[in-house]
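Engineer: This is the structure, below, for whatever I ask next.
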Amino acid sequence: MASDRGLLSYHTYGDPSMPPLILLMGLGLPAAGWPRGFLERLVQKGLYLIAPDNRDSGASPVYTEHVSMARLLTSVVRYVMGGTVTAQYRLEDMARDVEELMNALGLKRAHIAGDSLGGMIAQVFAARAPHRTLSLTCISTATGNPRTGLGNLSAVRALLQKHPEGSGEAALLKYYRDVMGVIGTPGAVYDDAFYMGIIRETLANGITEECRSRQLMAIFASGDRRAQLRQLVTPTLVIHGTADPLLPLRAGREIAGCIEGAKMLEVEGMGHDLPEEHLDEITEAIAAHCYSCALR
């Protein structure tokens, strides 16, 4: 569903009378990037899912700032060195988008979960709106500390490689397969229908390489969140794969170490993805976490 007010586009799954869980997707991906089995399991476990497209993805508003590759790489260096990066928007703005969507839906409070970039937005949301956050779930994400959140060179290179714009579905399919082959769980297989759902959303809505670059710039501009996370009292679950090459396990452990009382689920052998073989374990943990906090 889209809004003429410029709100985030979103999809819903399940029974609206069940506890609401907002799912925030990762870098450059629409909500179509959530694996179907992940969504189905969470619905079966009694959660009402709201999955927005972040700004600059899917059918949500697209922004305009030009981000050249030279500027992006310069910003990476500044971020790693602890310098200041300026951008058209920050993670704080992306978290505000989520709060505005909740207002439009009449939701006073919700469980918030995010994967990768989505997990960063979720952290910022919980920090700025703790009164609206029933629980926080951080999947395959980081605190913004470049010393713990920088993965191996091949994974970073895969993330930064140029998106094959204007080349059609076949080129994009190869691109996503190649990226997942580097950052995903070793041996995990995703059928073409999964990738094509993402690709068709991307092409239909005119999402470009610069959209993803602007989201990266938002991460760099927002910087290190450790001080804010240490102030959180929101019940938190951190889920991280032991084989994540992009945001290493130490990044997830740092989140759990910053938030008092946080629970940590380390998924053996999982990379920077949500493979079918681990979905039972992951969704059981998320549902149990949400229901343990449902009456806060």
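So you can find residues: chains in the structure tokens are A, B, ... in the order shown, residues in each start at 1, and ligands are numbered from 1 in order.
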Show which residues sit within 8 Å of Val179 in chain A, as a list in words. Count only C-alpha atoms, and ignore same-chain residues fewer than 5 positions away.
Structural biologist: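 Listed by chain and then number, they are Ala158, Leu159 and Gly184 of chain A.
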Engineer: Could you write out the selected residues, including C-alpha atoms, as an mmCIF file, in the first residue's frame?
Structural biologist:
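Resulting contents of result.cif:
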```cif
data_model
loop_
_atom_site.group_PDB
_atom_site.id
_atom_site.type_symbol
_atom_site.label_atom_id
_atom_site.label_comp_id
_atom_site.auth_asym_id
_atom_site.auth_seq_id
_atom_site.Cartn_x
_atom_site.Cartn_y
_atom_site.Cartn_z
ATOM 1 C CA ALA A 158 30.511 -7.129 -2.953
ATOM 2 C CA LEU A 159 28.351 -4.600 -1.106
ATOM 3 C CA GLY A 184 25.303 -15.366 2.371
#
```
Engineer: Name the residues of range 114-244 of chain A that fall into strand (DSSP E) according to DSSP on the backbone, using the chain letters and numbers of this document, as a PyMOL selection string.
Structural biologist: chain A and resi 114-115+133-139+236-241
Engineer: DSSP on the backbone: which residues in range 47-290 of chain A end up as helix (DSSP H, G or I)? Give the answer as number ranges by chain.
Structural biologist: A: 69-80, 91-105, 117-128, 130-132, 146-149, 153-160, 168-183, 192-204, 209-222, 226-229, 249-258, 276-290
Engineer: With only C-alpha atoms as the counted atoms, please give the residues lying no more than 10 Å from Ser17 in chain A, apart from itself and same-chain residues fewer than 2 positions off, as a list in words.
Structural biologist: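 In the requested form, the answer reads Gly14, Asp15, Pro19, Pro20, Gly46, Leu47 and Tyr48 of chain A.
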Engineer: Hey, which of A:Ile112, A:Met217, A:Ala129, A:Cys290 ends up closest to Thr86 in chain A? Count only C-alpha atoms.
Structural biologist: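 Residue with the minimum atom-to-atom distance to Thr86 in chain A: A:Met217.
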Engineer: For Asn145 in chain A, work out the shell of residues within 8 Å, counting only C-alpha atoms and skipping chain neighbours fewer than 6 positions away, then give it as a ChimeraX atom specification.
Structural biologist: /A:223-226
Engineer: Store the residues picked out above in a file with N, CA and C atoms, as a CSV table (one decimal), in the first residue's frame.
Structural biologist:
```
chain,number,residue,atom,x,y,z
A,223,GLY,N,26.7,7.6,12.3
A,223,GLY,CA,27.8,7.3,13.2
A,223,GLY,C,27.6,6.2,14.2
A,224,ASP,N,28.3,6.3,15.3
A,224,ASP,CA,28.4,5.3,16.4
A,224,ASP,C,27.2,5.5,17.4
A,225,ARG,N,26.5,4.4,17.6
A,225,ARG,CA,25.3,4.5,18.5
A,225,ARG,C,25.5,3.9,19.9
A,226,ARG,N,26.7,3.5,20.2
A,226,ARG,CA,26.9,2.8,21.5
A,226,ARG,C,26.4,3.6,22.7
```
Engineer: Within 7 Å of range 257-274 of chain A, counting only C-alpha atoms, which residues qualify if same-chain residues fewer than 6 places away don't, as a ChimeraX atom specification?
Structural biologist: /A:140,183-185,226,229-230,232-233,235-246
Engineer: Output the selection as a PDB file, in the first residue's frame - C-alpha atoms for each residue.
Structural biologist:
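Contents of result_6.pdb, as written:
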```pdb
ATOM      1  CA  SER A 140      22.771  -9.325  11.469  1.00  0.00           C
ATOM      2  CA  ILE A 183      27.865 -12.576   1.905  1.00  0.00           C
ATOM      3  CA  GLY A 184      25.303 -15.366   2.371  1.00  0.00           C
ATOM      4  CA  THR A 185      25.414 -18.618   4.322  1.00  0.00           C
ATOM      5  CA  ARG A 226      26.935   2.825  21.463  1.00  0.00           C
ATOM      6  CA  LEU A 229      22.290   1.888  23.216  1.00  0.00           C
ATOM      7  CA  ARG A 230      23.742   1.944  26.729  1.00  0.00           C
ATOM      8  CA  LEU A 232      18.164   1.588  26.422  1.00  0.00           C
ATOM      9  CA  VAL A 233      15.983  -0.425  28.769  1.00  0.00           C
ATOM     10  CA  PRO A 235      13.828  -5.772  26.004  1.00  0.00           C
ATOM     11  CA  THR A 236      16.248  -6.713  23.237  1.00  0.00           C
ATOM     12  CA  LEU A 237      17.070  -9.841  21.264  1.00  0.00           C
ATOM     13  CA  VAL A 238      20.204  -9.930  19.103  1.00  0.00           C
ATOM     14  CA  ILE A 239      20.416 -12.578  16.363  1.00  0.00           C
ATOM     15  CA  HIS A 240      23.667 -12.991  14.468  1.00  0.00           C
ATOM     16  CA  GLY A 241      25.279 -15.646  12.298  1.00  0.00           C
ATOM     17  CA  THR A 242      28.668 -16.966  13.337  1.00  0.00           C
ATOM     18  CA  ALA A 243      29.788 -16.944   9.681  1.00  0.00           C
ATOM     19  CA  ASP A 244      28.613 -13.419   8.744  1.00  0.00           C
ATOM     20  CA  PRO A 245      31.390 -11.977   6.541  1.00  0.00           C
ATOM     21  CA  LEU A 246      29.866  -8.512   6.116  1.00  0.00           C
TER      22      LEU A 246
END
```
Engineer: Neighbouring residues of Pro30 in chain A were defined as those with any atom within 6 Å, considering only C-alpha atoms; residues of the same chain fewer than 6 positions away were excluded. Please report them as a ChimeraX atom specification.
Structural biologist: /A:53,57-58
Engineer: Please produce, as a Markdown table, a per-residue contact table for range 4-106 of chain A versus range 207-215 of chain A (criterion: any atom at most 12 Å away, only C-alpha atoms considered), showing the nearest atom pair and its distance in Å to one decimal, sorted by chain then residue number.
Structural biologist:
```
| residue | atom | partner | partner_atom | distance |
| --- | --- | --- | --- | --- |
| A:Met25 | CA | A:Gln215 | CA | 11.7 |
| A:Gly26 | CA | A:Gln215 | CA | 9.6 |
| A:Leu27 | CA | A:Arg212 | CA | 6.5 |
| A:Gly28 | CA | A:Arg212 | CA | 4.7 |
| A:Leu29 | CA | A:Arg212 | CA | 8.4 |
| A:Pro30 | CA | A:Ile207 | CA | 9.6 |
| A:Asp53 | CA | A:Ile207 | CA | 11.6 |
| A:Asn54 | CA | A:Gln215 | CA | 9.1 |
| A:Arg55 | CA | A:Gln215 | CA | 8.3 |
| A:Asp56 | CA | A:Cys211 | CA | 5.1 |
| A:Ser57 | CA | A:Ile207 | CA | 6.3 |
| A:Gly58 | CA | A:Ile207 | CA | 7.1 |
| A:Ala59 | CA | A:Ile207 | CA | 8.7 |
| A:Ser60 | CA | A:Ile207 | CA | 9.8 |
| A:Pro61 | CA | A:Ile207 | CA | 10.1 |
| A:Val62 | CA | A:Cys211 | CA | 7.1 |
| A:Tyr63 | CA | A:Cys211 | CA | 7.3 |
| A:Thr64 | CA | A:Cys211 | CA | 8.5 |
| A:Glu65 | CA | A:Arg214 | CA | 7.5 |
| A:His66 | CA | A:Glu210 | CA | 6.8 |
| A:Val67 | CA | A:Glu210 | CA | 6.2 |
| A:Ser68 | CA | A:Glu210 | CA | 8.0 |
| A:Met69 | CA | A:Ser213 | CA | 8.5 |
| A:Ala70 | CA | A:Ser213 | CA | 11.3 |
| A:Arg71 | CA | A:Ser213 | CA | 9.8 |
| A:Leu72 | CA | A:Ser213 | CA | 7.1 |
| A:Leu73 | CA | A:Ser213 | CA | 10.3 |
| A:Ser75 | CA | A:Ser213 | CA | 10.7 |
| A:Val76 | CA | A:Ser213 | CA | 11.1 |
| A:Val85 | CA | A:Arg214 | CA | 11.9 |
| A:Thr86 | CA | A:Arg214 | CA | 10.7 |
| A:Ala87 | CA | A:Arg214 | CA | 7.4 |
| A:Gln88 | CA | A:Arg214 | CA | 7.4 |
| A:Tyr89 | CA | A:Arg214 | CA | 7.8 |
| A:Arg90 | CA | A:Gln215 | CA | 8.1 |
| A:Leu91 | CA | A:Gln215 | CA | 8.4 |
| A:Glu92 | CA | A:Gln215 | CA | 11.8 |
| A:Asp93 | CA | A:Gln215 | CA | 10.9 |
| A:Met94 | CA | A:Gln215 | CA | 9.3 |
```
Engineer: Could you list, with a cut-off of 12 Å and counting only C-alpha atoms, the residues of range 116-179 of chain A near range 186-197 of chain A, each shown with its nearest atom pair and the distance in Å rounded to one decimal, rows sorted by chain and ascending number, as CSV?
Structural biologist:
```
residue,atom,partner,partner_atom,distance
A:Gly168,CA,A:Met196,CA,11.3
A:Glu169,CA,A:Met196,CA,7.7
A:Ala170,CA,A:Met196,CA,9.5
A:Ala171,CA,A:Met196,CA,11.4
A:Leu172,CA,A:Tyr195,CA,8.8
A:Leu173,CA,A:Tyr195,CA,6.5
A:Lys174,CA,A:Tyr195,CA,9.6
A:Tyr175,CA,A:Tyr195,CA,9.9
A:Tyr176,CA,A:Tyr195,CA,7.0
A:Arg177,CA,A:Tyr195,CA,8.0
A:Asp178,CA,A:Tyr195,CA,11.5
A:Val179,CA,A:Tyr195,CA,11.5
```
Engineer: Could the residues in this selection be written to a file with N, CA and C atoms, as a PDB file, in the first residue's frame?
Structural biologist:
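The file below, selection25.pdb, is the result:
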```pdb
ATOM      1  N   GLY A 168      18.346  -4.933 -17.357  1.00  0.00           N
ATOM      2  CA  GLY A 168      17.269  -5.894 -17.380  1.00  0.00           C
ATOM      3  C   GLY A 168      17.363  -6.949 -16.297  1.00  0.00           C
ATOM      4  N   GLU A 169      16.367  -7.827 -16.278  1.00  0.00           N
ATOM      5  CA  GLU A 169      16.223  -8.806 -15.223  1.00  0.00           C
ATOM      6  C   GLU A 169      17.386  -9.794 -15.153  1.00  0.00           C
ATOM      7  N   ALA A 170      17.898 -10.229 -16.301  1.00  0.00           N
ATOM      8  CA  ALA A 170      18.953 -11.242 -16.308  1.00  0.00           C
ATOM      9  C   ALA A 170      20.219 -10.735 -15.616  1.00  0.00           C
ATOM     10  N   ALA A 171      20.605  -9.499 -15.913  1.00  0.00           N
ATOM     11  CA  ALA A 171      21.809  -8.936 -15.304  1.00  0.00           C
ATOM     12  C   ALA A 171      21.620  -8.737 -13.807  1.00  0.00           C
ATOM     13  N   LEU A 172      20.435  -8.304 -13.413  1.00  0.00           N
ATOM     14  CA  LEU A 172      20.161  -8.115 -11.987  1.00  0.00           C
ATOM     15  C   LEU A 172      20.121  -9.441 -11.246  1.00  0.00           C
ATOM     16  N   LEU A 173      19.589 -10.473 -11.893  1.00  0.00           N
ATOM     17  CA  LEU A 173      19.564 -11.801 -11.280  1.00  0.00           C
ATOM     18  C   LEU A 173      20.985 -12.286 -11.019  1.00  0.00           C
ATOM     19  N   LYS A 174      21.870 -12.118 -11.993  1.00  0.00           N
ATOM     20  CA  LYS A 174      23.270 -12.517 -11.801  1.00  0.00           C
ATOM     21  C   LYS A 174      23.910 -11.699 -10.681  1.00  0.00           C
ATOM     22  N   TYR A 175      23.608 -10.408 -10.634  1.00  0.00           N
ATOM     23  CA  TYR A 175      24.154  -9.529  -9.596  1.00  0.00           C
ATOM     24  C   TYR A 175      23.763 -10.038  -8.207  1.00  0.00           C
ATOM     25  N   TYR A 176      22.477 -10.289  -7.985  1.00  0.00           N
ATOM     26  CA  TYR A 176      22.035 -10.735  -6.666  1.00  0.00           C
ATOM     27  C   TYR A 176      22.592 -12.105  -6.314  1.00  0.00           C
ATOM     28  N   ARG A 177      22.669 -12.991  -7.273  1.00  0.00           N
ATOM     29  CA  ARG A 177      23.270 -14.307  -7.012  1.00  0.00           C
ATOM     30  C   ARG A 177      24.728 -14.148  -6.586  1.00  0.00           C
ATOM     31  N   ASP A 178      25.453 -13.282  -7.315  1.00  0.00           N
ATOM     32  CA  ASP A 178      26.873 -13.089  -7.017  1.00  0.00           C
ATOM     33  C   ASP A 178      27.072 -12.498  -5.619  1.00  0.00           C
ATOM     34  N   VAL A 179      26.272 -11.486  -5.282  1.00  0.00           N
ATOM     35  CA  VAL A 179      26.402 -10.856  -3.961  1.00  0.00           C
ATOM     36  C   VAL A 179      26.077 -11.859  -2.861  1.00  0.00           C
TER      37      VAL A 179
END
```
Engineer: CA of Ile219 in chain A and CA of Gly149 in chain A are how many Å apart?
Structural biologist: 11.6 Å
Engineer: Find the residues around Gly118 in chain A up to 8 Å (only C-alpha atoms counted), leave out those fewer than 3 positions away in its own chain, and share them as a PDB file with N, CA and C atoms, in the first residue's frame.
Structural biologist:
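Once written, result.pdb looks like this:
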```
ATOM      1  N   LEU A  23       8.806  -5.023  10.642  1.00  0.00           N
ATOM      2  CA  LEU A  23      10.024  -5.633  10.099  1.00  0.00           C
ATOM      3  C   LEU A  23      10.711  -4.651   9.159  1.00  0.00           C
ATOM      4  N   LEU A  24      11.924  -4.249   9.485  1.00  0.00           N
ATOM      5  CA  LEU A  24      12.669  -3.263   8.710  1.00  0.00           C
ATOM      6  C   LEU A  24      13.774  -3.941   7.919  1.00  0.00           C
ATOM      7  N   MET A  25      13.735  -3.757   6.609  1.00  0.00           N
ATOM      8  CA  MET A  25      14.608  -4.480   5.685  1.00  0.00           C
ATOM      9  C   MET A  25      15.993  -3.838   5.580  1.00  0.00           C
ATOM     10  N   GLY A  26      16.916  -4.603   5.002  1.00  0.00           N
ATOM     11  CA  GLY A  26      18.299  -4.191   4.876  1.00  0.00           C
ATOM     12  C   GLY A  26      18.577  -3.301   3.681  1.00  0.00           C
ATOM     13  N   LEU A  27      19.852  -3.016   3.482  1.00  0.00           N
ATOM     14  CA  LEU A  27      20.329  -2.029   2.514  1.00  0.00           C
ATOM     15  C   LEU A  27      19.844  -2.300   1.091  1.00  0.00           C
ATOM     16  N   ALA A 113      11.673  -4.988  14.695  1.00  0.00           N
ATOM     17  CA  ALA A 113      12.784  -5.869  14.326  1.00  0.00           C
ATOM     18  C   ALA A 113      13.384  -5.383  13.019  1.00  0.00           C
ATOM     19  N   GLY A 114      14.690  -5.519  12.885  1.00  0.00           N
ATOM     20  CA  GLY A 114      15.332  -5.103  11.649  1.00  0.00           C
ATOM     21  C   GLY A 114      16.531  -5.953  11.325  1.00  0.00           C
ATOM     22  N   ASP A 115      16.775  -6.089  10.042  1.00  0.00           N
ATOM     23  CA  ASP A 115      17.898  -6.875   9.531  1.00  0.00           C
ATOM     24  C   ASP A 115      18.918  -5.939   8.895  1.00  0.00           C
ATOM     25  N   ILE A 121      18.237   1.011  11.876  1.00  0.00           N
ATOM     26  CA  ILE A 121      17.073   1.890  11.999  1.00  0.00           C
ATOM     27  C   ILE A 121      16.274   1.520  13.249  1.00  0.00           C
ATOM     28  N   ALA A 122      16.129   0.217  13.495  1.00  0.00           N
ATOM     29  CA  ALA A 122      15.376  -0.246  14.666  1.00  0.00           C
ATOM     30  C   ALA A 122      16.023   0.226  15.964  1.00  0.00           C
TER      31      ALA A 122
END
```
Engineer: Distance CA of Met81 in chain A-CA of Asn152 in chain A, one decimal place?
Structural biologist: 17.1 Å
Engineer: Give the answer as one residue: which of A:Val156, A:Leu279, A:Leu105, A:Ile255 has the shortest atom-to-atom distance to Ala142 in chain A, using only C-alpha atoms?
Structural biologist: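 Using only C-alpha atoms, Ala142 in chain A sits closest to A:Ile255.
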Engineer: Hey, which of A:Phe220, A:His111, A:Pro52, A:Val80 ends up closest to Thr148 in chain A? Count only C-alpha atoms.
Structural biologist: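 Closest candidate: A:Val80.
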Engineer: What is the distance, in Å and to one decimal place, between CA of Thr143 in chain A and CA of Ala155 in chain A?
Structural biologist: 18.3 Å
Engineer: When you count only C-alpha atoms, which of these residues is closest to Pro16 in chain A: A:Thr74, A:Leu150, A:Ala110, A:Glu100?
Structural biologist: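 Closest residue, counting only C-alpha atoms: A:Ala110.
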Engineer: I'd like to know which of A:Ala288, A:Leu7, A:Leu134, A:Asp280 is closest to Glu40 in chain A, using only C-alpha atoms.
Structural biologist: A:Asp280
Engineer: Measuring atom to atom with only C-alpha atoms, identify which of A:Glu281, A:Thr234, A:Ala218, A:Leu39 is nearest to Leu136 in chain A.
Structural biologist: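 Among the listed residues, the smallest separation from Leu136 in chain A belongs to A:Thr234.
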